[in-house]
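Heads up: the structure comes next, in structure tokens.
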Amino acid sequence: MQSSHLREHNLSTVLLALAASSAASTVTSRAGLAKHTRLTKPTVSKLVEELVDASLVEEGEPLSVGAGRPIVPLTPARGTLLAIGVEIAADHVACLGVDLAGQVLSHCIEYRKVTATSADAAIDLAAELVGRVRAEAGDLPVVEVVVAVPGRIAPDDGRVLSAPNLDWTEVPLVGRLLSHPELAGLAVRAQNDNRLSVLTEIDHRPGESFIYLRGSTGIGGAVVLDGTLMTGVNGWAGEFGHTVIEPGGALCRCGRRGCLEAYVSYHALRERAGLSDDILIEDLVDALALTRDRAEVIGMIGRSLGLAIANALNVLDLTTVVLSGYLAPIADELEPVIRRTVEQHALAIEAGPVLIERSDGQVDPALHGAARAALQPVFNAPSAWIATSRPHLP
């Protein structure tokens with residue numbers, strides 16, 4: 001008989017394998033799962049039956065494949081659980097509800113400026129949107145609520161220690177959310193938006209190692225090693241925006257000088273060019289190109305990024321860089337400028353070429369990443385959800 005620890009591990013392995021195959025639009029059966037997970041067919045069959053009975057996995061109509069017996073396709077169950085992602089950004093608050101299959105059950109967004117003086121209002125709005133998503137998704141058990149914030153989060157209680165682009169300092173985000181009736185009794189946690197954004201990229205690059213850089217109101221990033229997100233001791237790993245590229249240089253919103261973010265973030269570029277704050281991030285480079293030569297704009301952004309990237313490559317010994325956010329559409333223009341700078345400063349060049357690529361282009365990656373993260377408790381510990389579902393089985 002399997003030990004409880006081994007059973008949990010195997011349930012998680014099967015469910016994760018199903019999720020991966022579903023994301024890749026690959027048909028998977030019990031036999032396919034056994035081959036992929038290297039578990040025995042009887043073990044897989046028993047685990048799948050448990051997951052099906054608990055409404056965590058669903059069976060499709062038998063499919064004829066070649067001359068053999070028809071296979072029964074398996075997928076994560078749709079419409080049985082609800083995971084909620086929330087994004088609080090400088091110009092909007094959004095909420096997304098998905099099920100175990102990643103199917104969108106509800107989505108809503110409200111545009112408004114979020115600052116230090118409107119922190120309470122933004123949190124109230126986030127709670128209101130969670131309530132709206134729950135109502136639209138139906139009476140489904142909520143796995144977790146994960147909130148994406150552009151800042152550093154205290155790992156113990158979900159306080160926003162610092163979010164310069166919101167002007168937030170020491171904001172008890174999770175505590176305030178839990179005081180709202182819409183979130184009463186729910187598991188809620190906050191995480192840096194870039195750490196969540198990269199989760200959608202990991203899905204498209206399984207098992208790969210890379211540096212992820214996202215241009216937004218600030219500059220954030222993440223480090224991925226063998227398909228696993230590096231978090232660091234405090235969960236802050238990947239703060240490339242606060243890499244110093246010019247000691248004593250431009251003042252950053254974090255209060256320090258010379259940070260990458262002080263040169264190539266949306267706020268920094270817009271303010272330096274004297275552009276109005278109604279310029280959309282996706283239109284930023286085109287707007288800047290109207291005020292000066294486009295090659296000059298690309299050159300300044302690319303050289304600044306190249307310095308930060310070269311330093312990161314030297315420390316981490318990686319060879320792939322993925323550009324996201326407003327950087328992704330101009331990645332082809334940035335690539336030669338970044339490459340020249342990296343070649344001057346990075347040791348990695350001696351071992352072979354450095355790859356500078358663009359992200360998969362997922363819309364609202366932080367919001368989708370937050371919803372994806374909110375599903376993790378089910379994938380990590382399926383037996384808890386199996387136990388919860390049993391009283392409701394017919």
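Letters for chains follow the order of the structure tokens (A, B, ...), residue numbers begin at 1 for each chain, and ligand numbers begin at 1 in the order shown.
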So that I can check the surroundings of His242 of chain A, please list as a PyMOL selection string every protein, DNA and RNA residue that reaches within 12 Å of it, counting only C-alpha atoms and ignoring chain neighbours fewer than 4 positions away.
chain A and resi 151-152+164+218-221+236-238+246-247+250-265+304-305+308+312
Which residues of segment 35-136 of chain A sit at most 8 Å from segment 13-30 of chain A, using only C-alpha atoms? Give each one's shortest atom pair and distance in Å (one decimal place), in chain and ascending residue order, as JSON lines.
```
{"residue": "A:His36", "atom": "CA", "partner": "A:Ala17", "partner_atom": "CA", "distance": 7.5}
{"residue": "A:Thr37", "atom": "CA", "partner": "A:Thr13", "partner_atom": "CA", "distance": 7.0}
{"residue": "A:Lys41", "atom": "CA", "partner": "A:Arg30", "partner_atom": "CA", "distance": 7.1}
{"residue": "A:Val44", "atom": "CA", "partner": "A:Arg30", "partner_atom": "CA", "distance": 6.4}
{"residue": "A:Ser45", "atom": "CA", "partner": "A:Arg30", "partner_atom": "CA", "distance": 6.3}
{"residue": "A:Leu47", "atom": "CA", "partner": "A:Val14", "partner_atom": "CA", "distance": 7.7}
{"residue": "A:Val48", "atom": "CA", "partner": "A:Arg30", "partner_atom": "CA", "distance": 7.6}
{"residue": "A:Val57", "atom": "CA", "partner": "A:Leu15", "partner_atom": "CA", "distance": 8.0}
{"residue": "A:Ile71", "atom": "CA", "partner": "A:Ser29", "partner_atom": "CA", "distance": 6.2}
{"residue": "A:Val72", "atom": "CA", "partner": "A:Ser29", "partner_atom": "CA", "distance": 5.7}
{"residue": "A:Pro73", "atom": "CA", "partner": "A:Ser29", "partner_atom": "CA", "distance": 4.8}
{"residue": "A:Leu74", "atom": "CA", "partner": "A:Ser29", "partner_atom": "CA", "distance": 5.6}
{"residue": "A:Thr75", "atom": "CA", "partner": "A:Leu18", "partner_atom": "CA", "distance": 6.0}
{"residue": "A:Pro76", "atom": "CA", "partner": "A:Ala19", "partner_atom": "CA", "distance": 6.3}
{"residue": "A:Ala101", "atom": "CA", "partner": "A:Ala19", "partner_atom": "CA", "distance": 7.0}
```
DSSP-assigned alpha helix (DSSP H) among segment 88-297 of chain A, expressed as an MDAnalysis selection string
chainID A and resid 119:137 173:178 193:204 261:264 266:273 284:289 294:297
Counting only C-alpha atoms, give me one row per residue of segment 46-125 of chain A with an atom at most 10 Å from an atom of segment 177-181 of chain A, showing the shortest contact pair and its distance in Å to one decimal, sorted by chain then residue number, as JSON lines.
```
{"residue": "A:Asp120", "atom": "CA", "partner": "A:Leu177", "partner_atom": "CA", "distance": 9.8}
{"residue": "A:Ile123", "atom": "CA", "partner": "A:Leu177", "partner_atom": "CA", "distance": 6.5}
{"residue": "A:Asp124", "atom": "CA", "partner": "A:Leu177", "partner_atom": "CA", "distance": 7.5}
{"residue": "A:Leu125", "atom": "CA", "partner": "A:Leu177", "partner_atom": "CA", "distance": 9.9}
```
Please provide the set of residues having any atom within 10 Å of Val93 of chain A, restricted to only C-alpha atoms, with same-chain residues fewer than 2 positions apart removed, written as a PDB file with C-alpha atoms, in the first residue's frame.
```pdb
ATOM      1  CA  VAL A  86      -6.126  39.969  -8.887  1.00  0.00           C
ATOM      2  CA  GLU A  87      -3.848  42.634 -10.334  1.00  0.00           C
ATOM      3  CA  ILE A  88      -3.359  46.050  -8.745  1.00  0.00           C
ATOM      4  CA  ALA A  89      -1.435  48.272 -11.166  1.00  0.00           C
ATOM      5  CA  ALA A  90      -0.746  51.982 -11.446  1.00  0.00           C
ATOM      6  CA  ASP A  91      -3.668  52.543 -13.794  1.00  0.00           C
ATOM      7  CA  CYS A  95      -9.713  40.285 -11.418  1.00  0.00           C
ATOM      8  CA  CYS A 108     -13.427  42.222 -14.927  1.00  0.00           C
ATOM      9  CA  ILE A 109     -11.281  45.337 -14.916  1.00  0.00           C
ATOM     10  CA  GLU A 110     -11.671  48.910 -13.665  1.00  0.00           C
ATOM     11  CA  TYR A 111      -9.360  51.677 -14.878  1.00  0.00           C
ATOM     12  CA  ARG A 112      -8.263  54.236 -12.298  1.00  0.00           C
ATOM     13  CA  LYS A 113      -5.044  55.727 -10.991  1.00  0.00           C
ATOM     14  CA  VAL A 114      -3.665  53.923  -7.966  1.00  0.00           C
ATOM     15  CA  ALA A 122      -7.917  50.337  -4.651  1.00  0.00           C
ATOM     16  CA  ILE A 123      -8.054  47.532  -2.077  1.00  0.00           C
ATOM     17  CA  LEU A 125     -12.211  47.858  -5.397  1.00  0.00           C
ATOM     18  CA  ALA A 126     -10.132  44.671  -5.545  1.00  0.00           C
ATOM     19  CA  LEU A 129     -14.129  42.663  -8.072  1.00  0.00           C
ATOM     20  CA  ALA A 148      -0.217  40.701  -8.203  1.00  0.00           C
ATOM     21  CA  LEU A 367      -3.215  38.736 -13.952  1.00  0.00           C
TER      22      LEU A 367
END
```
One decimal, Å: what's the distance from atom CA of Ala116 of chain A over to atom CA of Asp193 of chain A, could you say?
18.0 Å
Do you know which residues are at most 12 Å from Glu182 of chain A counting only C-alpha atoms, after dropping those on the same chain fewer than 6 positions away, and could you put them as a list in words?
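Counting only C-alpha atoms, the residues come to Ile123, Asp124, Leu125, Ala126, Ala127, Glu128, Leu129, Val130, Gly131, Arg132, Val133, Arg134, Ala135, Val142, Val145, Arg176 and Val188 of chain A.
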What would the file look like if the residues just selected were written as an mmCIF file, in the first residue's frame with C-alpha atoms?
```cif
data_model
loop_
_atom_site.group_PDB
_atom_site.id
_atom_site.type_symbol
_atom_site.label_atom_id
_atom_site.label_comp_id
_atom_site.auth_asym_id
_atom_site.auth_seq_id
_atom_site.Cartn_x
_atom_site.Cartn_y
_atom_site.Cartn_z
ATOM 1 C CA ILE A 123 -8.054 47.532 -2.077
ATOM 2 C CA ASP A 124 -11.797 48.054 -1.622
ATOM 3 C CA LEU A 125 -12.211 47.858 -5.397
ATOM 4 C CA ALA A 126 -10.132 44.671 -5.545
ATOM 5 C CA ALA A 127 -12.407 43.071 -2.938
ATOM 6 C CA GLU A 128 -15.459 44.217 -4.860
ATOM 7 C CA LEU A 129 -14.129 42.663 -8.072
ATOM 8 C CA VAL A 130 -13.406 39.376 -6.276
ATOM 9 C CA GLY A 131 -17.036 39.342 -5.165
ATOM 10 C CA ARG A 132 -18.162 40.042 -8.704
ATOM 11 C CA VAL A 133 -16.032 37.226 -10.140
ATOM 12 C CA ARG A 134 -17.297 34.768 -7.539
ATOM 13 C CA ALA A 135 -20.889 35.652 -8.376
ATOM 14 C CA VAL A 142 -12.452 28.878 -4.165
ATOM 15 C CA VAL A 145 -6.856 34.373 -4.218
ATOM 16 C CA ARG A 176 -7.162 44.672 4.528
ATOM 17 C CA VAL A 188 -5.277 35.115 0.169
#
```
